[in-house]
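So this one's query21.cif, mmCIF, C-alpha atoms:
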data_target
loop_
_atom_site.label_atom_id
_atom_site.label_comp_id
_atom_site.auth_asym_id
_atom_site.auth_seq_id
_atom_site.Cartn_x
_atom_site.Cartn_y
_atom_site.Cartn_z
CA MET T 1 -12.58 5.25 11.94
CA ASP T 2 -16.32 5.91 11.78
CA PRO T 3 -17.35 7.54 8.47
CA GLN T 4 -20.51 9.07 9.92
CA ALA T 5 -18.64 10.58 12.86
CA LEU T 6 -16.13 12.09 10.46
CA THR T 7 -18.86 13.59 8.31
CA THR T 8 -20.64 15.09 11.31
CA ALA T 9 -17.48 16.56 12.83
CA ALA T 10 -16.42 17.91 9.44
CA GLU T 11 -19.44 20.21 9.18
CA PRO T 12 -17.93 23.70 9.06
CA ALA T 13 -20.10 24.94 11.94
CA ALA T 14 -19.07 22.02 14.14
CA LEU T 15 -15.38 22.40 13.32
CA ALA T 16 -15.47 26.17 13.75
CA ASP T 17 -17.25 25.97 17.11
CA TYR T 18 -14.81 23.34 18.33
CA LEU T 19 -11.77 25.40 17.34
CA ALA T 20 -13.20 28.59 18.82
CA GLY T 21 -13.56 26.73 22.12
CA LEU T 22 -9.94 25.57 22.30
CA PRO T 23 -7.69 27.43 24.72
CA GLN T 24 -5.85 30.27 23.04
CA PRO T 25 -2.11 29.78 23.44
CA PRO T 26 -0.23 32.57 25.17
CA PRO T 27 2.00 34.66 22.93
CA ASP T 28 5.38 33.03 22.56
CA HIS T 29 7.38 36.22 22.34
CA GLN T 30 9.80 36.62 25.16
CA HIS T 31 10.71 39.87 26.77
CA GLY T 32 14.39 39.37 27.34
CA PRO T 33 16.56 36.35 26.65
CA ALA T 34 14.84 33.06 25.77
CA ARG T 35 15.42 30.24 28.24
CA SER T 36 15.38 26.60 27.24
CA VAL T 37 15.43 23.94 29.94
CA ARG T 38 16.51 20.37 29.27
CA GLU T 39 15.94 17.67 31.85
CA ASP T 40 17.24 14.14 31.98
CA ALA T 41 17.70 11.29 34.43
CA TYR T 42 20.88 9.24 34.39
CA GLN T 43 21.92 6.53 36.84
CA GLY T 44 19.62 7.93 39.47
CA HIS T 45 20.78 11.51 38.99
CA ARG T 46 18.54 14.33 37.81
CA ILE T 47 20.12 16.57 35.20
CA VAL T 48 18.80 20.06 34.44
CA ILE T 49 20.47 22.19 31.79
CA THR T 50 19.22 25.73 31.25
CA THR T 51 20.31 27.42 28.06
CA THR T 52 19.75 31.12 27.51
CA TYR T 53 19.63 32.63 24.04
CA GLU T 54 19.95 36.37 23.62
CA ILE T 55 19.36 36.93 19.91
CA THR T 56 18.94 40.14 17.98
CA VAL T 57 18.43 40.69 14.27
CA ASP T 58 19.33 44.15 12.99
CA GLY T 59 19.61 45.22 16.60
CA ARG T 60 16.09 44.12 17.55
CA PRO T 61 15.26 41.18 19.81
CA LEU T 62 14.19 38.10 17.87
CA PRO T 63 10.39 37.79 18.21
CA ALA T 64 10.53 33.98 18.38
CA HIS T 65 11.38 31.44 21.02
CA VAL T 66 14.36 29.26 20.24
CA GLY T 67 14.82 26.02 22.15
CA VAL T 68 17.33 23.22 22.29
CA SER T 69 16.56 19.50 22.43
CA ASN T 70 18.36 16.89 24.50
CA ASP T 71 20.57 15.93 21.58
CA GLY T 72 21.75 19.53 21.31
CA GLU T 73 19.87 20.51 18.17
CA VAL T 74 18.10 23.84 17.98
CA HIS T 75 14.48 24.38 17.01
CA CYS T 76 11.86 27.11 16.94
CA HIS T 77 8.16 26.51 17.38
CA ALA T 78 7.24 28.87 14.57
CA LEU T 79 9.01 26.50 12.16
CA PRO T 80 7.86 23.01 13.14
CA ALA T 81 9.75 21.25 10.33
CA TYR T 82 13.12 22.61 11.36
CA GLN T 83 15.61 21.26 13.88
CA VAL T 84 19.14 22.30 13.07
CA ARG T 85 22.69 22.26 14.39
CA SER T 86 23.06 25.85 15.48
CA ALA T 87 21.09 28.89 16.60
CA VAL T 88 22.58 30.80 13.67
CA ASP T 89 20.98 28.33 11.27
CA ILE T 90 17.55 28.59 12.89
CA VAL T 91 17.65 32.40 12.80
CA ARG T 92 18.62 32.31 9.12
CA ALA T 93 15.67 29.97 8.51
CA LEU T 94 13.35 32.38 10.34
CA ILE T 95 14.55 35.24 8.15
CA ASP T 96 13.87 33.19 5.02
CA ASN T 97 10.47 31.95 6.16
CA PHE T 98 9.13 35.24 7.53
CA PRO T 99 10.21 37.78 4.92
CA ASP T 100 7.60 40.31 6.03
CA ASP T 101 9.05 40.33 9.55
CA PHE T 102 12.63 40.71 8.36
CA PRO T 103 12.60 43.21 5.49
CA GLU T 104 15.50 42.76 3.13
CA ALA T 105 18.66 44.39 4.41
CA ASP T 106 20.40 46.95 2.18
CA GLY T 107 23.74 46.02 0.67
CA ASP T 108 23.98 42.56 2.18
CA PRO T 109 24.16 39.95 -0.54
CA GLY T 110 24.43 37.18 2.02
CA HIS T 111 21.17 38.09 3.74
CA GLY T 112 18.98 35.07 4.25
CA GLY T 113 21.64 32.49 3.52
CA HIS T 114 23.71 32.18 0.38
CA PRO T 115 24.03 29.07 -1.74
CA GLY T 116 27.46 28.24 -0.43
CA HIS T 117 26.33 27.98 3.16
CA GLY T 118 25.83 24.30 3.77
CA GLY T 119 24.82 22.17 6.66
CA HIS T 120 21.36 23.58 7.30
CA GLY T 121 18.43 21.44 8.10
CA GLU T 122 20.21 18.16 7.50
CA HIS T 123 18.92 16.76 10.76
CA GLY T 124 15.89 18.88 10.76
CA GLY T 125 12.31 18.29 11.09
CA GLY T 126 9.42 19.42 12.99
CA MET J 1 -18.66 3.34 1.20
CA ALA J 2 -14.91 3.55 1.42
CA VAL J 3 -13.21 5.73 -1.18
CA VAL J 4 -9.90 5.10 -2.93
CA ARG J 5 -7.12 7.63 -2.67
CA THR J 6 -4.99 7.89 -5.81
CA ASP J 7 -1.80 9.47 -7.16
CA ILE J 8 -2.48 13.07 -8.22
CA ILE J 9 0.06 12.80 -11.02
CA THR J 10 -1.74 10.01 -12.83
CA ASP J 11 -5.36 10.58 -11.72
CA THR J 12 -6.14 13.87 -13.40
CA ALA J 13 -9.84 13.61 -12.51
CA ALA J 14 -8.93 13.53 -8.81
CA ARG J 15 -6.51 16.40 -9.41
CA ASP J 16 -9.16 18.56 -11.04
CA ALA J 17 -11.70 17.75 -8.34
CA TYR J 18 -9.18 18.55 -5.61
CA VAL J 19 -8.30 21.92 -7.12
CA HIS J 20 -11.95 22.80 -7.63
CA GLY J 21 -12.92 21.67 -4.13
CA VAL J 22 -10.11 23.60 -2.45
CA ASN J 23 -11.15 26.78 -4.21
CA LEU J 24 -14.77 26.19 -3.19
CA LEU J 25 -13.76 25.72 0.46
CA LYS J 26 -11.61 28.84 0.21
CA ARG J 27 -14.70 30.83 -0.80
CA GLU J 28 -17.15 29.23 1.63
CA SER J 29 -17.85 31.47 4.63
CA THR J 30 -18.38 30.12 8.13
CA ALA J 31 -20.56 31.84 10.71
CA LEU J 32 -17.55 32.88 12.79
CA SER J 33 -15.10 35.72 12.43
CA THR J 34 -11.42 35.97 13.29
CA THR J 35 -12.37 37.44 16.68
CA ALA J 36 -13.81 34.08 17.76
CA PHE J 37 -10.34 32.57 17.37
CA GLY J 38 -8.52 35.38 19.17
CA ILE J 39 -6.90 36.64 15.98
CA PRO J 40 -6.14 40.35 16.31
CA GLY J 41 -7.45 42.98 13.93
CA PRO J 42 -10.88 43.82 12.56
CA PRO J 43 -13.41 40.97 12.68
CA THR J 44 -13.17 39.16 9.37
CA VAL J 45 -15.22 36.19 8.23
CA VAL J 46 -13.31 32.91 8.47
CA HIS J 47 -13.69 30.57 5.51
CA THR J 48 -13.99 26.80 5.75
CA TYR J 49 -10.57 26.04 4.25
CA ASP J 50 -8.90 28.41 6.69
CA LEU J 51 -10.36 26.47 9.63
CA PHE J 52 -7.77 23.81 8.82
CA VAL J 53 -4.99 26.39 9.02
CA ILE J 54 -6.26 27.46 12.45
CA TRP J 55 -6.67 23.85 13.61
CA HIS J 56 -3.11 22.91 12.66
CA HIS J 57 -1.75 25.97 14.43
CA LEU J 58 -3.81 25.36 17.58
CA ALA J 59 -2.94 21.66 17.74
CA MET J 60 0.71 22.60 17.50
CA THR J 61 0.36 25.09 20.29
CA SER J 62 -1.56 22.68 22.52
CA PRO J 63 0.90 21.17 24.96
CA VAL J 64 0.04 17.62 25.82
CA PRO J 65 -0.57 16.96 28.58
CA PRO J 66 -2.02 20.38 29.53
CA GLY J 67 0.69 22.35 31.25
CA GLY J 68 3.40 20.44 29.43
CA ASP J 69 6.05 21.87 27.15
CA TRP J 70 4.83 22.32 23.56
CA MET J 71 8.45 22.57 22.47
CA VAL J 72 8.97 18.97 23.58
CA ARG J 73 5.75 17.38 22.38
CA ASN J 74 2.44 18.90 21.26
CA GLY J 75 -1.01 17.82 20.13
CA ALA J 76 0.04 17.04 16.57
CA HIS J 77 3.83 16.83 16.28
CA ARG J 78 7.07 15.72 17.91
CA GLY J 79 5.50 12.57 19.36
CA PRO J 80 3.53 9.38 18.65
CA VAL J 81 0.24 11.18 17.91
CA PHE J 82 1.78 12.81 14.83
CA LEU J 83 0.37 10.21 12.42
CA PRO J 84 -3.08 9.68 14.05
CA TRP J 85 -3.73 13.42 14.38
CA HIS J 86 -2.95 14.12 10.74
CA ARG J 87 -5.06 11.12 9.68
CA VAL J 88 -8.07 12.69 11.40
CA MET J 89 -7.33 16.07 9.86
CA LEU J 90 -7.17 14.59 6.35
CA GLY J 91 -10.43 12.73 6.99
CA LEU J 92 -12.23 15.94 7.86
CA LEU J 93 -10.87 17.80 4.86
CA GLU J 94 -11.82 14.90 2.59
CA ALA J 95 -15.37 14.94 3.98
CA ASN J 96 -15.61 18.67 3.28
CA LEU J 97 -14.34 18.24 -0.25
CA GLN J 98 -16.91 15.48 -0.85
CA ARG J 99 -19.62 17.81 0.43
CA VAL J 100 -18.80 20.89 -1.65
CA LEU J 101 -18.08 18.82 -4.74
CA GLY J 102 -21.25 16.79 -4.30
CA GLU J 103 -19.09 13.72 -4.87
CA PRO J 104 -19.29 11.22 -2.00
CA ASP J 105 -16.89 8.98 -3.94
CA PHE J 106 -14.12 11.59 -4.01
CA GLY J 107 -10.87 10.38 -2.48
CA LEU J 108 -8.12 12.80 -1.47
CA PRO J 109 -5.17 12.36 -3.86
CA TYR J 110 -1.59 12.00 -2.67
CA TRP J 111 1.70 13.39 -3.94
CA ASP J 112 4.44 10.78 -4.06
CA TRP J 113 7.28 13.19 -3.37
CA SER J 114 9.88 10.43 -3.23
CA ALA J 115 9.36 9.86 -6.96
CA ASP J 116 10.05 13.54 -7.63
CA GLY J 117 12.97 13.53 -5.21
CA SER J 118 14.62 10.96 -7.41
CA LEU J 119 14.46 13.28 -10.45
CA ALA J 120 17.43 15.36 -11.54
CA ALA J 121 15.33 18.54 -11.27
CA PRO J 122 12.44 18.06 -8.83
CA GLN J 123 11.46 21.72 -9.20
CA SER J 124 10.41 20.86 -12.77
CA ALA J 125 8.25 17.88 -11.77
CA ARG J 126 4.66 17.71 -13.01
CA ILE J 127 3.20 18.52 -9.60
CA TRP J 128 4.45 22.11 -10.07
CA LYS J 129 3.01 22.56 -13.55
CA PRO J 130 0.08 24.98 -14.03
CA ALA J 131 -2.44 22.15 -14.37
CA TRP J 132 -1.41 20.76 -10.97
CA MET J 133 -0.28 22.99 -8.07
CA GLY J 134 1.57 25.75 -9.94
CA GLY J 135 5.18 26.68 -9.32
CA GLN J 136 7.21 28.69 -6.85
CA GLY J 137 7.41 32.41 -6.20
CA ARG J 138 6.57 35.16 -3.75
CA PRO J 139 3.76 34.90 -4.59
CA ILE J 140 3.37 32.02 -7.01
CA THR J 141 2.35 33.17 -10.49
CA THR J 142 1.20 29.95 -12.16
CA GLY J 143 -1.46 27.34 -11.52
CA PRO J 144 -4.92 27.30 -9.97
CA PHE J 145 -4.00 29.11 -6.74
CA VAL J 146 -2.68 32.39 -8.14
CA PHE J 147 -3.60 35.52 -6.18
CA ASN J 148 -5.37 38.44 -7.77
CA ALA J 149 -5.91 41.23 -5.26
CA GLY J 150 -8.83 42.64 -7.23
CA ASP J 151 -10.68 39.34 -7.51
CA PRO J 152 -12.39 38.32 -4.28
CA ASN J 153 -12.75 34.79 -5.63
CA SER J 154 -9.06 34.26 -6.26
CA PHE J 155 -7.02 32.09 -3.93
CA ARG J 156 -5.48 34.08 -1.11
CA VAL J 157 -3.69 33.53 2.19
CA ARG J 158 -5.76 35.17 4.92
CA ILE J 159 -4.39 33.78 8.19
CA GLU J 160 -0.80 32.88 9.00
CA THR J 161 1.43 32.04 11.94
CA ALA J 162 3.75 34.85 13.05
CA PRO J 163 7.28 34.23 14.39
CA ASP J 164 5.97 34.59 17.95
CA VAL J 165 3.55 31.69 17.23
CA THR J 166 0.40 33.79 17.22
CA LEU J 167 -2.10 33.84 14.37
CA ARG J 168 -2.43 37.03 12.37
CA GLN J 169 -4.48 38.28 9.44
CA VAL J 170 -2.92 38.86 6.04
CA ASP J 171 -4.20 39.24 2.50
CA ARG J 172 -1.65 38.05 0.02
CA GLY J 173 -0.71 35.35 -2.46
CA LEU J 174 0.64 31.89 -1.75
CA ARG J 175 4.42 31.58 -1.45
CA ARG J 176 6.80 28.75 -2.29
CA ALA J 177 10.61 28.77 -2.39
CA PHE J 178 11.99 25.43 -3.54
CA GLY J 179 15.24 24.05 -2.21
CA ARG J 180 16.55 27.01 -0.25
CA PRO J 181 19.83 26.39 1.58
CA THR J 182 18.21 27.24 4.91
CA GLY J 183 15.48 24.67 4.22
CA SER J 184 16.46 21.58 2.31
CA LEU J 185 18.34 21.41 -0.97
CA THR J 186 16.66 18.13 -1.89
CA LEU J 187 13.42 16.20 -1.58
CA PRO J 188 13.48 12.71 -0.06
CA THR J 189 14.26 10.08 -2.68
CA ALA J 190 12.86 6.62 -3.37
CA ALA J 191 16.01 5.25 -1.73
CA ASP J 192 15.30 7.32 1.39
CA LEU J 193 11.80 5.89 1.54
CA ALA J 194 13.08 2.35 1.05
CA ARG J 195 15.38 2.82 4.05
CA THR J 196 12.31 3.56 6.17
CA PHE J 197 11.05 0.03 5.51
CA ASP J 198 14.43 -1.69 5.79
CA THR J 199 14.40 -3.56 9.10
CA ARG J 200 17.44 -5.71 8.38
CA PRO J 201 20.30 -5.56 10.88
CA PRO J 202 22.77 -2.68 10.56
CA PRO J 203 24.65 -1.47 8.69
CA THR J 204 22.15 -2.24 5.93
CA GLY J 205 18.96 -1.52 7.84
CA ASP J 206 17.51 -0.67 11.24
CA PRO J 207 15.46 -3.30 13.14
CA ASP J 208 13.93 -0.53 15.29
CA LEU J 209 11.91 0.58 12.25
CA ALA J 210 9.67 -2.45 12.75
CA THR J 211 8.39 -0.75 15.94
CA TYR J 212 6.09 2.27 15.80
CA ASP J 213 7.81 4.39 18.45
CA PHE J 214 10.11 4.26 21.46
CA THR J 215 10.71 6.10 24.69
CA PRO J 216 11.28 9.03 25.19
CA TRP J 217 8.41 9.42 22.65
CA ASN J 218 9.63 12.71 21.27
CA ALA J 219 11.79 14.19 18.52
CA GLY J 220 14.73 12.09 19.69
CA SER J 221 13.01 8.70 19.55
CA ARG J 222 14.04 5.64 17.59
CA GLY J 223 11.41 3.82 15.53
CA PHE J 224 9.17 4.27 12.51
CA ARG J 225 7.13 7.32 13.58
CA ASN J 226 10.11 9.57 14.13
CA GLN J 227 11.80 8.31 10.96
CA LEU J 228 8.70 9.30 8.98
CA GLU J 229 8.07 12.53 10.87
CA GLY J 230 11.67 13.30 10.03
CA PHE J 231 13.59 14.18 13.16
CA ARG J 232 15.66 11.03 12.65
CA GLY J 233 17.06 9.59 9.46
CA PRO J 234 16.86 11.30 6.07
CA GLY J 235 14.11 13.75 7.03
CA LEU J 236 11.08 12.59 5.00
CA HIS J 237 8.00 14.57 6.18
CA ASN J 238 9.98 17.47 7.59
CA GLN J 239 12.27 17.59 4.61
CA VAL J 240 9.31 18.03 2.22
CA HIS J 241 8.03 21.01 4.22
CA ARG J 242 11.49 22.56 4.17
CA TRP J 243 12.12 21.88 0.48
CA VAL J 244 8.82 23.41 -0.68
CA GLY J 245 9.41 26.38 1.63
CA GLY J 246 7.34 29.57 1.64
CA ASP J 247 3.99 28.91 3.28
CA MET J 248 4.91 25.26 3.89
CA GLY J 249 7.45 26.34 6.52
CA PRO J 250 5.49 27.93 9.39
CA ALA J 251 2.88 26.32 11.64
CA SER J 252 0.22 27.65 9.24
CA SER J 253 1.50 25.29 6.52
CA PRO J 254 -2.01 24.05 5.51
CA ASN J 255 -2.21 27.41 3.73
CA ASP J 256 -0.56 25.64 0.81
CA PRO J 257 -2.94 23.09 -0.76
CA VAL J 258 0.07 20.88 -1.40
CA PHE J 259 0.14 20.34 2.39
CA PHE J 260 -2.77 17.89 2.16
CA LEU J 261 -1.29 16.04 -0.83
CA HIS J 262 1.97 15.73 1.10
CA HIS J 263 0.30 14.48 4.27
CA CYS J 264 -1.87 12.08 2.29
CA ASN J 265 1.38 10.51 1.08
CA VAL J 266 2.71 10.44 4.65
CA ASP J 267 -0.49 8.66 5.66
CA ARG J 268 -0.05 6.24 2.75
CA ILE J 269 3.46 5.42 3.94
CA TRP J 270 2.09 4.76 7.43
CA GLU J 271 -0.51 2.45 5.90
CA GLY J 272 2.30 0.70 4.01
CA TRP J 273 4.16 0.21 7.28
CA MET J 274 1.05 -1.25 8.96
CA HIS J 275 0.62 -3.59 6.01
CA ARG J 276 4.04 -4.98 6.89
CA HIS J 277 3.98 -4.85 10.68
CA GLY J 278 0.33 -4.87 11.71
CA ARG J 279 -1.93 -2.12 13.04
CA SER J 280 0.15 -1.50 16.13
CA TYR J 281 0.80 1.67 18.11
CA ARG J 282 2.85 2.73 21.10
CA PRO J 283 2.74 3.94 23.87
CA GLY J 284 -0.06 2.09 25.63
CA MET J 285 -2.09 3.34 28.56
CA THR J 286 0.40 2.08 31.13
CA ALA J 287 2.80 4.81 30.00
CA SER J 288 3.35 7.84 32.20
CA PRO J 289 0.51 10.40 32.52
CA ALA J 290 3.12 12.89 31.31
CA LEU J 291 2.42 11.38 27.88
CA ARG J 292 -1.33 12.04 28.05
CA GLY J 293 -2.47 13.02 24.57
CA HIS J 294 -0.10 10.58 22.89
CA ARG J 295 -1.12 7.23 24.47
CA ILE J 296 -3.22 4.78 22.50
CA ASP J 297 -6.58 5.56 24.13
CA ASP J 298 -6.08 9.27 24.80
CA PRO J 299 -8.39 11.69 22.95
CA ILE J 300 -6.85 13.41 19.95
CA VAL J 301 -7.07 17.22 19.66
CA SER J 302 -10.04 17.08 17.28
CA PRO J 303 -13.77 17.85 17.08
CA LEU J 304 -14.54 14.13 17.14
CA GLY J 305 -14.59 14.04 20.93
CA PRO J 306 -13.15 11.46 23.29
CA ALA J 307 -13.92 8.57 20.94
CA ALA J 308 -11.22 9.74 18.55
CA THR J 309 -8.05 8.18 19.88
CA PRO J 310 -4.92 6.85 18.19
CA ARG J 311 -6.43 3.37 18.46
CA SER J 312 -9.56 4.51 16.59
CA THR J 313 -7.45 5.69 13.64
CA LEU J 314 -5.41 2.54 13.15
CA ASP J 315 -7.83 0.95 10.70
CA PRO J 316 -9.21 3.49 8.18
CA THR J 317 -10.54 0.92 5.71
CA ALA J 318 -14.16 1.78 6.45
CA VAL J 319 -13.40 5.29 5.19
CA TYR J 320 -10.70 4.95 2.54
CA SER J 321 -7.90 2.87 1.09
CA TYR J 322 -4.98 3.60 -1.24
CA ASP J 323 -4.63 2.43 -4.82
CA VAL J 324 -1.01 1.47 -4.18
CA LEU J 325 0.92 1.07 -0.95
CA PRO J 326 4.67 1.69 -0.83
#

Before anything else, please render the file you have as structure tokens.
Amino acid sequence: MDPQALTTAAEPAALADYLAGLPQPPPDHQHGPARSVREDAYQGHRIVITTTYEITVDGRPLPAHVGVSNDGEVHCHALPAYQVRSAVDIVRALIDNFPDDFPEADGDPGHGGHPGHGGHGEHGGG
Amino acid sequence: MAVVRTDIITDTAARDAYVHGVNLLKRESTALSTTAFGIPGPPTVVHTYDLFVIWHHLAMTSPVPPGGDWMVRNGAHRGPVFLPWHRVMLGLLEANLQRVLGEPDFGLPYWDWSADGSLAAPQSARIWKPAWMGGQGRPITTGPFVFNAGDPNSFRVRIETAPDVTLRQVDRGLRRAFGRPTGSLTLPTAADLARTFDTRPPPTGDPDLATYDFTPWNAGSRGFRNQLEGFRGPGLHNQVHRWVGGDMGPASSPNDPVFFLHHCNVDRIWEGWMHRHGRSYRPGMTASPALRGHRIDDPIVSPLGPAATPRSTLDPTAVYSYDVLP
């Protein structure tokens, strides 16, 4: 690593201009069910598995894209450190991590995951 | 001159400088507003610290190669470039801290979370005391990064990632929620870290950990990188994000200043691995173009230009070293 190059690139104006020039990602929110496509090759065969998630929370479509990896674990790009065993677990994690987007439900003590619910995040990462 | 990065728990001078520098960068305006970054809402001045929040978000949403699937592998995560990209990011933050502090000898401190993970009550560890990072809460109410809506100089979260992976403006305090069941009940322990370096044959160890990475070069790979990133094995890097919770969860996780202390420790662990196994990296340039952005001589998503590649990050000793390697 070149110390002078780091110092030059670290100048706030240089960093800001660089970031402003990066392509803006398209919004991730899906209108309709979220599709996740897994592809693999095995013994000369091409495998394509399309999984469709239709998820609502409090009757509203989930504003996040949920995907599934080749080992069957579920992840969501909004939570890069999470990769869990089920779509239910990832939605519970979204509710916990985005409290402003999922206002607390009335009269539901289990909202957001209660202490007795195990098994979350044990494989996770992101 | 190369600086020395030290443990924030024992080096209180580095701790105090870090806290002071972060708050200075939080208050330093850039010439650009949120509009320049496509962030909806009224144009609002973007501050230097928040550039790192934007950068992390944009690198995560940059599919590599262009047109690829960011859910499989992106410019900063879920692939081999995870460690080089974050090394560059830390280098740029460190340079900014040196500048605003007027201390060219300042080295970014690290948080050895595996030491705290071995405690009976990691939520009571010194790192969360008011003199260090403050505690948990929505928002946090102790420490140097407490929010005061009426004080424009107080620490505040201004830009965050939304569930649909867009950036949005907010004005609120920093949030942490330790050990939630939907995150992780525990931090990685010293034993978990030791397993990452144990290359003995199974069942004791894993010889694959002597190799940086393996095909398919993603979140399902064998090897050291994925063990440290945390999609395989005990969880390490990912587990720390999930255990701290709050603002450490979403793609805007640099909003929490503990992010950089955490990643400095991740970088230290990588340096410890290279001390054992050499400054090696995979994949090489003969790998498929579908891996462009993660191969050894591919440019990293950074303002350093095409010269900044994974290969260029493998030896940081001209810039910094660590007081102790794991």

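In this comparison, which uses all atoms listed in the file, the residue of T:Ala87, T:Val57, T:Leu79, T:Ala41 approaching chain J most closely is T:Leu79.
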
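Picture a line from CA of Trp55 in chain J to CA of Leu19 in chain T; it runs 6.5 Å.
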
Spell out the residues picked by the PyMOL selection byres ((chain T and resi 20) around 12) here, as a PDB file with C-alpha atoms, keeping the file's coordinate frame.
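What follows is the written file selection06.pdb:
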ATOM      1  CA  PRO T  12     -17.930  23.700   9.060  1.00  0.00           C
ATOM      2  CA  ALA T  13     -20.100  24.940  11.940  1.00  0.00           C
ATOM      3  CA  ALA T  14     -19.070  22.020  14.140  1.00  0.00           C
ATOM      4  CA  LEU T  15     -15.380  22.400  13.320  1.00  0.00           C
ATOM      5  CA  ALA T  16     -15.470  26.170  13.750  1.00  0.00           C
ATOM      6  CA  ASP T  17     -17.250  25.970  17.110  1.00  0.00           C
ATOM      7  CA  TYR T  18     -14.810  23.340  18.330  1.00  0.00           C
ATOM      8  CA  LEU T  19     -11.770  25.400  17.340  1.00  0.00           C
ATOM      9  CA  GLY T  21     -13.560  26.730  22.120  1.00  0.00           C
ATOM     10  CA  LEU T  22      -9.940  25.570  22.300  1.00  0.00           C
ATOM     11  CA  PRO T  23      -7.690  27.430  24.720  1.00  0.00           C
ATOM     12  CA  GLN T  24      -5.850  30.270  23.040  1.00  0.00           C
TER      13      GLN T  24
ATOM     14  CA  THR J  30     -18.380  30.120   8.130  1.00  0.00           C
ATOM     15  CA  ALA J  31     -20.560  31.840  10.710  1.00  0.00           C
ATOM     16  CA  LEU J  32     -17.550  32.880  12.790  1.00  0.00           C
ATOM     17  CA  SER J  33     -15.100  35.720  12.430  1.00  0.00           C
ATOM     18  CA  THR J  34     -11.420  35.970  13.290  1.00  0.00           C
ATOM     19  CA  THR J  35     -12.370  37.440  16.680  1.00  0.00           C
ATOM     20  CA  ALA J  36     -13.810  34.080  17.760  1.00  0.00           C
ATOM     21  CA  PHE J  37     -10.340  32.570  17.370  1.00  0.00           C
ATOM     22  CA  GLY J  38      -8.520  35.380  19.170  1.00  0.00           C
ATOM     23  CA  ILE J  39      -6.900  36.640  15.980  1.00  0.00           C
ATOM     24  CA  VAL J  46     -13.310  32.910   8.470  1.00  0.00           C
ATOM     25  CA  LEU J  51     -10.360  26.470   9.630  1.00  0.00           C
ATOM     26  CA  ILE J  54      -6.260  27.460  12.450  1.00  0.00           C
ATOM     27  CA  TRP J  55      -6.670  23.850  13.610  1.00  0.00           C
ATOM     28  CA  LEU J  58      -3.810  25.360  17.580  1.00  0.00           C
ATOM     29  CA  PRO J 303     -13.770  17.850  17.080  1.00  0.00           C
TER      30      PRO J 303
END

Rounded to one decimal place, report the CA of His77 in chain J-CA of Gln136 in chain J distance in Å.
26.2 Å

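Nearest residue to chain T among J:Pro66, J:Pro299, J:Gly278, J:Gly246 is J:Gly246, counting only C-alpha atoms.
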
Going by the chain IDs and residue numbers used in this file, which residues fall under the PyMOL selection byres ((chain T and resi 2-10) around 9)? Write them as a list in words.
Met1, Glu11, Pro12, Ala13, Ala14 and Leu15 of chain T; Met1, Ala2, Val88, Gly91, Leu92, Leu93, Glu94, Ala95, Asn96, Arg99, Ser302, Pro303, Leu304, Gly305, Ser312, Pro316, Ala318 and Val319 of chain J

Give me the result of the PyMOL selection byres ((chain J and resi 232) around 8) on this file, residue by residue, as a ChimeraX atom specification.
/T:123 /J:219-222,226-227,229-231,233-235

Of the candidates T:Ile90, T:Ala34, T:Ala81, T:Val74, which shows the shortest atom-to-atom distance to chain J, using all atoms listed in the file?
T:Ala81

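With distances taken over all atoms listed in the file, T:Ser36 is the one residue among T:Gln43, T:Ser36, T:Thr56, T:Thr51 lying closest to chain J.
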